[in-house]
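Visitor: Just run-v2.pdb, nothing more (PDB, C-alpha atoms and all ligand atoms):
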```
MODEL        1
ATOM      1  CA  MET A  27      87.349  93.642 113.917
ATOM      2  CA  ILE A  28      90.389  95.329 112.398
ATOM      3  CA  GLN A  29      92.344  93.101 110.005
ATOM      4  CA  ILE A  30      95.929  93.797 108.925
ATOM      5  CA  LEU A  31      96.516  92.484 105.406
ATOM      6  CA  PRO A  32      98.966  92.722 102.505
ATOM      7  CA  GLU A  33      97.867  95.289  99.919
ATOM      8  CA  THR A  34      95.752  93.874  97.119
ATOM      9  CA  PRO A  35      96.029  96.748  94.629
ATOM     10  CA  VAL A  36      92.709  96.134  92.885
ATOM     11  CA  LEU A  37      90.918  96.268  96.263
ATOM     12  CA  HIS A  38      92.972  98.800  98.212
ATOM     13  CA  ALA A  39      95.051 101.108  95.991
ATOM     14  CA  ALA A  40      92.404 103.785  95.375
ATOM     15  CA  ALA A  41      91.449 103.885  99.081
ATOM     16  CA  ILE A  42      95.128 104.188 100.044
ATOM     17  CA  GLU A  43      95.599 107.150  97.701
ATOM     18  CA  ASP A  44      92.472 108.762  99.212
ATOM     19  CA  LEU A  45      93.861 108.259 102.716
ATOM     20  CA  PHE A  46      97.190 109.824 101.694
ATOM     21  CA  ASP A  47      95.397 112.803 100.125
ATOM     22  CA  ARG A  48      93.357 113.346 103.295
ATOM     23  CA  THR A  49      96.380 112.860 105.551
ATOM     24  CA  PHE A  50      99.167 114.714 103.803
ATOM     25  CA  GLY A  51      97.561 116.992 101.199
ATOM     26  CA  PRO A  52      99.258 118.092  97.981
ATOM     27  CA  GLY A  53     102.493 119.302  99.680
ATOM     28  CA  HIS A  54     103.400 115.686 100.216
ATOM     29  CA  PHE A  55     104.850 115.266  96.738
ATOM     30  CA  ALA A  56     107.418 118.005  97.345
ATOM     31  CA  LYS A  57     109.215 116.005 100.037
ATOM     32  CA  THR A  58     112.638 114.472  99.474
ATOM     33  CA  ALA A  59     111.229 111.055 100.429
ATOM     34  CA  GLU A  60     108.946 111.322  97.427
ATOM     35  CA  ARG A  61     112.022 111.512  95.114
ATOM     36  CA  LEU A  62     112.786 107.935  96.206
ATOM     37  CA  ARG A  63     109.330 106.781  95.200
ATOM     38  CA  GLU A  64     108.509 108.713  92.050
ATOM     39  CA  TYR A  65     109.880 106.284  89.433
ATOM     40  CA  SER A  66     109.540 103.243  91.650
ATOM     41  CA  ARG A  67     106.761 100.873  92.666
ATOM     42  CA  SER A  68     105.922  99.757  96.163
ATOM     43  CA  ILE A  69     105.779  96.044  96.929
ATOM     44  CA  PRO A  70     102.147  94.961  97.508
ATOM     45  CA  GLU A  71     103.110  91.712  99.286
ATOM     46  CA  VAL A  72     105.140  93.691 101.841
ATOM     47  CA  ASN A  73     102.826  96.713 102.129
ATOM     48  CA  ARG A  74     100.249  96.419 104.894
ATOM     49  CA  VAL A  75      96.755  97.878 105.233
ATOM     50  CA  ALA A  76      94.419  97.872 108.233
ATOM     51  CA  VAL A  77      90.855  97.204 107.123
ATOM     52  CA  LEU A  78      87.690  97.697 109.182
ATOM     53  CA  ASP A  79      84.254  96.940 107.747
ATOM     54  CA  GLY A  80      85.765  96.864 104.263
ATOM     55  CA  LYS A  81      87.395 100.295 104.628
ATOM     56  CA  VAL A  82      91.145 101.020 104.639
ATOM     57  CA  ILE A  83      91.863 102.862 107.915
ATOM     58  CA  ALA A  84      95.672 102.624 107.999
ATOM     59  CA  VAL A  85      98.546 101.849 105.656
ATOM     60  CA  CYS A  86     102.299 101.387 105.457
ATOM     61  CA  ARG A  87     103.774 101.239 101.964
ATOM     62  CA  VAL A  88     107.242  99.823 101.311
ATOM     63  CA  TRP A  89     109.643 100.558  98.429
ATOM     64  CA  PRO A  90     112.840  98.973  97.124
ATOM     65  CA  LEU A  91     116.021 101.053  97.446
ATOM     66  CA  VAL A  92     119.661 100.907  96.422
ATOM     67  CA  VAL A  93     122.228 102.355  98.838
ATOM     68  CA  GLY A  94     125.778 103.598  98.315
ATOM     69  CA  PRO A  95     128.610 102.497  96.018
ATOM     70  CA  ASN A  96     128.093  98.821  96.863
ATOM     71  CA  LYS A  97     124.497  99.098  95.673
ATOM     72  CA  ASP A  98     123.207  97.438  98.826
ATOM     73  CA  ARG A  99     119.515  96.660  98.763
ATOM     74  CA  ALA A 100     117.167  97.997 101.439
ATOM     75  CA  LEU A 101     113.473  98.702 101.901
ATOM     76  CA  PHE A 102     112.071 102.186 102.407
ATOM     77  CA  TYR A 103     109.103 102.253 104.806
ATOM     78  CA  GLY A 104     106.448 104.917 104.384
ATOM     79  CA  PRO A 105     104.257 106.751 104.004
ATOM     80  CA  VAL A 106     102.552 105.537 107.164
ATOM     81  CA  ALA A 107      99.066 106.956 107.711
ATOM     82  CA  VAL A 108      96.122 106.283 110.001
ATOM     83  CA  ALA A 109      92.660 107.730 109.293
ATOM     84  CA  SER A 110      92.080 110.573 111.747
ATOM     85  CA  SER A 111      88.983 108.759 113.087
ATOM     86  CA  HIS A 112      91.148 105.800 114.180
ATOM     87  CA  ARG A 113      94.245 107.410 115.679
ATOM     88  CA  GLY A 114      95.175 106.874 119.304
ATOM     89  CA  SER A 115      95.896 103.149 119.475
ATOM     90  CA  ARG A 116      99.215 102.980 117.643
ATOM     91  CA  LEU A 117      97.658 101.412 114.560
ATOM     92  CA  GLY A 118     100.412 103.025 112.471
ATOM     93  CA  LEU A 119     102.965 101.004 114.414
ATOM     94  CA  SER A 120     100.900  97.830 113.982
ATOM     95  CA  VAL A 121     100.777  98.102 110.182
ATOM     96  CA  THR A 122     104.452  99.120 109.999
ATOM     97  CA  GLY A 123     105.448  96.280 112.345
ATOM     98  CA  GLU A 124     103.680  93.707 110.180
ATOM     99  CA  ALA A 125     105.278  95.182 107.054
ATOM    100  CA  LEU A 126     108.679  94.843 108.773
ATOM    101  CA  GLU A 127     107.988  91.152 109.446
ATOM    102  CA  ALA A 128     106.996  90.674 105.806
ATOM    103  CA  GLY A 129     110.175  92.401 104.559
ATOM    104  CA  LYS A 130     112.321  90.243 106.815
ATOM    105  CA  ALA A 131     110.515  87.046 105.782
ATOM    106  CA  ALA A 132     111.168  87.962 102.137
ATOM    107  CA  GLY A 133     114.899  88.166 102.914
ATOM    108  CA  TRP A 134     115.431  91.931 102.662
ATOM    109  CA  PRO A 135     118.424  92.883 104.828
ATOM    110  CA  ALA A 136     117.440  96.280 106.202
ATOM    111  CA  ALA A 137     114.778  98.974 106.521
ATOM    112  CA  ILE A 138     115.107 102.753 106.165
ATOM    113  CA  LEU A 139     112.449 105.197 107.349
ATOM    114  CA  ILE A 140     112.204 108.998 107.597
ATOM    115  CA  GLY A 141     109.972 110.054 110.478
ATOM    116  CA  ALA A 142     109.643 110.816 114.182
ATOM    117  CA  PRO A 143     112.195 108.814 116.219
ATOM    118  CA  SER A 144     110.025 108.968 119.360
ATOM    119  CA  TYR A 145     107.219 107.168 117.515
ATOM    120  CA  PHE A 146     109.057 104.711 115.243
ATOM    121  CA  GLY A 147     111.659 103.974 117.946
ATOM    122  CA  GLU A 148     108.950 101.885 119.605
ATOM    123  CA  ILE A 149     109.287  99.282 116.834
ATOM    124  CA  GLY A 150     113.066  99.171 116.709
ATOM    125  CA  PHE A 151     114.090 102.027 114.402
ATOM    126  CA  THR A 152     117.200 103.969 115.439
ATOM    127  CA  VAL A 153     118.539 107.261 114.107
ATOM    128  CA  THR A 154     121.611 106.843 111.862
ATOM    129  CA  PRO A 155     124.877 108.702 112.493
ATOM    130  CA  LYS A 156     124.685 112.105 110.774
ATOM    131  CA  ASN A 157     125.222 111.908 106.993
ATOM    132  CA  GLN A 158     125.758 108.146 106.957
ATOM    133  CA  LEU A 159     122.805 108.064 104.574
ATOM    134  CA  LEU A 160     122.412 110.816 101.994
ATOM    135  CA  PHE A 161     119.281 111.620 100.006
ATOM    136  CA  PRO A 162     118.459 113.207  96.642
ATOM    137  CA  GLY A 163     117.300 116.470  98.269
ATOM    138  CA  PRO A 164     117.324 118.340 101.579
ATOM    139  CA  GLN A 165     116.749 116.005 104.506
ATOM    140  CA  ASP A 166     116.680 116.560 108.293
ATOM    141  CA  GLN A 167     119.219 113.947 109.406
ATOM    142  CA  ALA A 168     117.660 113.728 112.889
ATOM    143  CA  ARG A 169     114.680 111.929 111.275
ATOM    144  CA  VAL A 170     116.650 109.342 109.269
ATOM    145  CA  MET A 171     116.320 105.899 110.837
ATOM    146  CA  VAL A 172     117.211 102.292 110.067
ATOM    147  CA  ARG A 173     116.263  98.894 111.428
ATOM    148  CA  ASP A 174     117.671  95.414 110.842
ATOM    149  CA  LEU A 175     115.518  92.998 108.862
ATOM    150  CA  ALA A 176     117.263  89.778 107.743
ATOM    151  CA  GLY A 177     120.679  91.538 107.819
ATOM    152  CA  ASP A 178     122.614  94.391 109.443
ATOM    153  CA  ALA A 179     121.235  97.874 108.802
ATOM    154  CA  SER A 180     124.263  99.611 110.358
ATOM    155  CA  GLN A 181     126.299  98.563 107.280
ATOM    156  CA  LEU A 182     124.266 100.829 105.009
ATOM    157  CA  SER A 183     126.135 103.939 103.951
ATOM    158  CA  GLY A 184     126.092 106.458 101.114
ATOM    159  CA  MET A 185     123.550 107.895  98.713
ATOM    160  CA  VAL A 186     120.090 106.389  98.842
ATOM    161  CA  THR A 187     118.282 106.039  95.517
ATOM    162  CA  GLY A 188     114.961 104.592  94.482
ATOM    163  CA  LEU A 189     114.854 101.523  92.324
ATOM    164  CA  VAL A 190     113.654 102.751  88.950
ATOM    165  CA  VAL A 191     110.949 100.608  87.438
ATOM    166  CA  ARG A 192     110.521 100.793  83.687
ATOM    167  CA  ALA A 193     107.013 100.525  82.336
TER     168      ALA A 193
HETATM  169  C1  LIG B   1     101.619 109.380 112.819
HETATM  170  C2  LIG B   1     100.331 108.545 112.856
HETATM  171  C3  LIG B   1     100.467 107.426 111.818
HETATM  172  C4  LIG B   1     100.191 107.975 114.250
HETATM  173  O1  LIG B   1      98.907 107.373 114.407
HETATM  174  P1  LIG B   1      98.670 106.209 115.505
HETATM  175  O2  LIG B   1      99.460 105.003 115.119
HETATM  176  O3  LIG B   1      97.215 106.084 115.708
HETATM  177  O4  LIG B   1      99.439 106.795 116.787
HETATM  178  P2  LIG B   1      98.781 107.285 118.157
HETATM  179  O5  LIG B   1      97.819 108.394 117.854
HETATM  180  O6  LIG B   1      98.284 106.088 118.887
HETATM  181  O7  LIG B   1     100.048 107.903 118.870
HETATM  182  C5  LIG B   1     101.016 107.104 119.541
HETATM  183  C6  LIG B   1     102.050 108.014 120.160
HETATM  184  O8  LIG B   1     102.818 108.639 119.103
HETATM  185  C7  LIG B   1     102.734 110.050 119.227
HETATM  186  N1  LIG B   1     102.696 110.599 117.856
HETATM  187  C8  LIG B   1     101.653 110.547 117.021
HETATM  188  N2  LIG B   1     101.998 111.137 115.851
HETATM  189  C9  LIG B   1     103.271 111.563 115.979
HETATM  190  C10 LIG B   1     104.182 112.258 115.109
HETATM  191  N3  LIG B   1     103.868 112.617 113.864
HETATM  192  N4  LIG B   1     105.392 112.558 115.613
HETATM  193  C11 LIG B   1     105.753 112.197 116.857
HETATM  194  N5  LIG B   1     104.940 111.528 117.718
HETATM  195  C12 LIG B   1     103.718 111.224 117.271
HETATM  196  C13 LIG B   1     101.462 110.310 120.009
HETATM  197  O9  LIG B   1     101.511 111.549 120.681
HETATM  198  C14 LIG B   1     101.451 109.151 120.967
HETATM  199  O10 LIG B   1     102.346 109.390 122.039
HETATM  200  P3  LIG B   1     101.972 109.013 123.553
HETATM  201  O11 LIG B   1     101.733 107.546 123.596
HETATM  202  O12 LIG B   1     103.173 109.449 124.315
HETATM  203  O13 LIG B   1     100.728 109.803 123.823
HETATM  204  C15 LIG B   1      99.070 109.400 112.527
HETATM  205  O14 LIG B   1      99.000 110.455 113.470
HETATM  206  C16 LIG B   1      99.063 109.971 111.136
HETATM  207  O15 LIG B   1      98.584 109.328 110.194
HETATM  208  N6  LIG B   1      99.606 111.187 110.994
HETATM  209  C17 LIG B   1      99.732 111.866 109.728
HETATM  210  C18 LIG B   1     100.741 111.183 108.825
HETATM  211  C19 LIG B   1     102.139 111.089 109.430
HETATM  212  O16 LIG B   1     102.651 112.016 110.053
HETATM  213  N7  LIG B   1     102.775 109.906 109.210
HETATM  214  C20 LIG B   1     104.074 109.582 109.768
HETATM  215  C21 LIG B   1     105.215 109.940 108.872
HETATM  216  S1  LIG B   1     105.330 108.929 107.425
ENDMDL
END
```
Can you turn what I pasted into structure tokens?
Ligand SMILES: CC(C)(COP(=O)(O)OP(=O)(O)OC[C@H]1O[C@@H](n2cnc3c(N)ncnc32)[C@H](O)[C@@H]1OP(=O)(O)O)[C@@H](O)C(=O)NCCC(=O)NCCS
Guide:
Amino acid sequence: MIQILPETPVLHAAAIEDLFDRTFGPGHFAKTAERLREYSRSIPEVNRVAVLDGKVIAVCRVWPLVVGPNKDRALFYGPVAVASSHRGSRLGLSVTGEALEAGKAAGWPAAILIGAPSYFGEIGFTVTPKNQLLFPGPQDQARVMVRDLAGDASQLSGMVTGLVVRA
């Protein structure tokens, strides 16, 4: 039976990195979305993994963000990946949906995600008005989406930056 669980780094982190390598390849780190993650840390209690027979078969990682001049807080959802052997039953939406519930329960006001609107629209993400959110690099605005968590995502506006974590 597939279980959807919070990430326990000591158990899951290496398998998640393997899944990302297999799914996205090295080009992944060139993406603008990666600029939001590079000096940040995802939140294990909000991240979700799908585990089958002890193996990680899907993941959604979640990162803290700061948005615009008011320094509003938001969560950045992604990457989302499903092992190629287990695609076809919307498992990516299941792990992301549970991570959304966890973010809301923790009191985060809003979620931001860059991806396919036809897919992530199924779990409540909507495309933002063009240039309402700006990113530290080139970004196709038609793929920028938000979703309410405990607050109002439509209030978010301005430059999106990752929350820098100092070692
Ligand atoms: C995207 C991904 C997570 C979807 O896996 P899944 O949850 O098993 O989804 P399914 O295969 O059940 O597909 C569900 C629907 O979404 C569509 N879909 C799948 N991947 C899509 C994508 N990248 N863009 C747009 N639509 C997509 C499918 O065609 C299907 O549509 P249908 O119901 O009309 O046939 C998986 O294909 C994957 O890991 N891809 C590589 C990584 C990636 O692109 N991640 C998303 C961006 S962070």
Visitor: Using all atoms of ligand LIG 1 (chain B) listed in the file and a margin of 8 Å per side, can you give the axis-aligned box centre and edge lengths in Å to one decimal, as JSON?
Guide:
```
{"center_x": 101.5, "center_y": 108.8, "center_z": 115.9, "size_x": 24.5, "size_y": 23.6, "size_z": 32.9}
```
Visitor: Name the residues that the PyMOL selection byres (((chain A and resi 152-165) around 10) and not hetatm) pulls out of this structure, and write them as a PyMOL selection string.
Guide: chain A and resi 57-62+93-94+138-144+146-151+166-174+179-188
Visitor: Suppose a student applies the PyMOL selection byres (((not hetatm)) within 6 of (chain B and resi 1)) to this structure; what residues should they get, written as a list in words?
Guide: Thr49, Gly104, Pro105, Val106, Ala107, Val108, Arg113, Gly114, Ser115, Arg116, Leu117, Gly118, Leu119, Gly141, Ala142, Ser144 and Tyr145 of chain A
Visitor: If you apply the PyMOL selection byres (((chain A and resi 33-35) around 7) and not hetatm) to this file, what residues do you get, as a PDB file with C-alpha atoms, in the coordinates of the input?
Guide:
```pdb
ATOM      1  CA  LEU A  31      96.516  92.484 105.406  1.00  0.00           C
ATOM      2  CA  PRO A  32      98.966  92.722 102.505  1.00  0.00           C
ATOM      3  CA  VAL A  36      92.709  96.134  92.885  1.00  0.00           C
ATOM      4  CA  LEU A  37      90.918  96.268  96.263  1.00  0.00           C
ATOM      5  CA  HIS A  38      92.972  98.800  98.212  1.00  0.00           C
ATOM      6  CA  ALA A  39      95.051 101.108  95.991  1.00  0.00           C
ATOM      7  CA  PRO A  70     102.147  94.961  97.508  1.00  0.00           C
ATOM      8  CA  GLU A  71     103.110  91.712  99.286  1.00  0.00           C
ATOM      9  CA  ASN A  73     102.826  96.713 102.129  1.00  0.00           C
ATOM     10  CA  ARG A  74     100.249  96.419 104.894  1.00  0.00           C
ATOM     11  CA  VAL A  75      96.755  97.878 105.233  1.00  0.00           C
TER      12      VAL A  75
END
```
Visitor: Can you work out which one of A:Pro90, A:Ala109, A:Ala131, A:Asp79 has the shortest atom-to-atom distance to Glu43 in chain A, counting all atoms listed in the file?
Guide: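 Smallest separation from Glu43 in chain A among the options: A:Ala109.
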Visitor: When you count only C-alpha atoms, which of these residues is closest to Asp44 in chain A: A:Ser111, A:Phe102, A:Gly129, A:Ala84?
Guide: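 Closest residue, counting only C-alpha atoms: A:Ala84.
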